[in-house]
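Participant: Here it is: the structure, laid out below.
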Amino acid sequence: MEEINRMVIFSNYLKPTDISARLTIPTDALEHINMLEGDNNVYLFPKDSDGKEWGFRCYTRLSGHPKPAFTTGWLDFVRANGLQIRDKVTFSKLQEDEDEAAGGAPQYRIHATREITLMGEQIQVDLPQRFRQ
């Protein structure tokens with residue numbers, strides 16, 4: 001199996017607002033998201049661990065502190081994956097992607113994990129379809 005190089009853009013442990021309204025993302029994540037200068041939103045289409053593509057609107061204010069967030073489409077991902085408070089979401093970008101080098105769109109990935117106790121030890125487990133509620 002070929003190893004894929006990914007650059008983690010951000011990882012967040014989910015808070016109540018993240019599962020009920022929008023996912024606030026770090027401001028420095030914007031430098032890895034292809035938002036046109038002067039624009040305040042862009043649609044991203046990351047694939048999850050099962051290979052399913054999702055559509056998220058990344059929105060930020062134009063004035064003052066940017067405060068970027070995934071809005072439209074985010075709650076669909078939350079519901080479909082049974083995400084809960086304290087689950088971890090990692091958003092990454094494939095590095096050296098040929099499509100992007102040729103002027104195509106960057107290839108993003110989104111990955112969700114949950115911490116569980118197994119035989120007295122805390123471990124992180126992926127949230128593929130079979131573990132979702």
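Ligands are numbered from 1 in the order shown, chains are lettered A, B, ... in the order of the structure tokens, and residues start at 1 in each chain.
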For the structure I just gave you, how does DSSP split stretch 18-92 of chain A - specifically, which residues are strand (DSSP E)? Reply as a PyMOL selection string.
Facilitator: chain A and resi 23-24+41-44+56-59+69-70+88-92
Participant: For stretch 25-30 of chain A, find every residue with an atom within 9 Å (counting only C-alpha atoms), except residues of its own chain fewer than 5 positions away, and show them as a PDB file with C-alpha atoms, in the first residue's frame.
Facilitator:
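Below is the file part-v7.pdb, written as the result:
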```pdb
ATOM      1  CA  ILE A   9      -3.678  21.764   9.150  1.00  0.00           C
ATOM      2  CA  PHE A  10      -5.390  21.551  12.557  1.00  0.00           C
ATOM      3  CA  SER A  11      -6.744  19.141  15.167  1.00  0.00           C
ATOM      4  CA  ASN A  12      -9.579  20.095  17.521  1.00  0.00           C
ATOM      5  CA  MET A  35      -9.474  31.308  -0.125  1.00  0.00           C
ATOM      6  CA  HIS A  65     -10.196  39.293  13.824  1.00  0.00           C
ATOM      7  CA  PRO A  66     -10.875  36.638  11.121  1.00  0.00           C
ATOM      8  CA  LYS A  67     -12.380  33.898  13.401  1.00  0.00           C
ATOM      9  CA  PRO A  68     -12.734  31.239  10.649  1.00  0.00           C
ATOM     10  CA  ALA A  69     -15.213  28.375  10.921  1.00  0.00           C
ATOM     11  CA  PHE A  70     -16.689  25.482   8.980  1.00  0.00           C
TER      12      PHE A  70
END
```
Participant: With only C-alpha atoms as the counted atoms, please give the residues lying no more than 12 Å from A:Arg114, apart from itself and same-chain residues fewer than 5 positions off, as number ranges by chain.
Facilitator: A: 12-14, 81-90, 122-128, 131-132
Participant: Run DSSP on the backbone and tell me which residues of chain A come out as alpha helix (DSSP H); list them as a PyMOL selection string.
Facilitator: chain A and resi 16-20+74-81+98-101
Participant: Quote the spacing between atom CA of A:Asn5 and atom CA of A:Gln95 in Å to one decimal place.
Facilitator: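 Computing it gives 5.5 Å between the two atoms.
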Participant: Here is a test: counting only C-alpha atoms, which residue of A:Leu75, A:Ala105, A:Ile19, A:Ile116 is nearest to A:Tyr43?
Facilitator: A:Ala105
Participant: Could you tell me how far atom CA of A:Glu115 sits from atom CA of A:Val78, in Å to one decimal place?
Facilitator: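 Atom CA of A:Glu115 lies 16.4 Å from atom CA of A:Val78.
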Participant: Distance atom CA of A:Ala80-atom CA of A:Asp50, one decimal place?
Facilitator: 12.1 Å
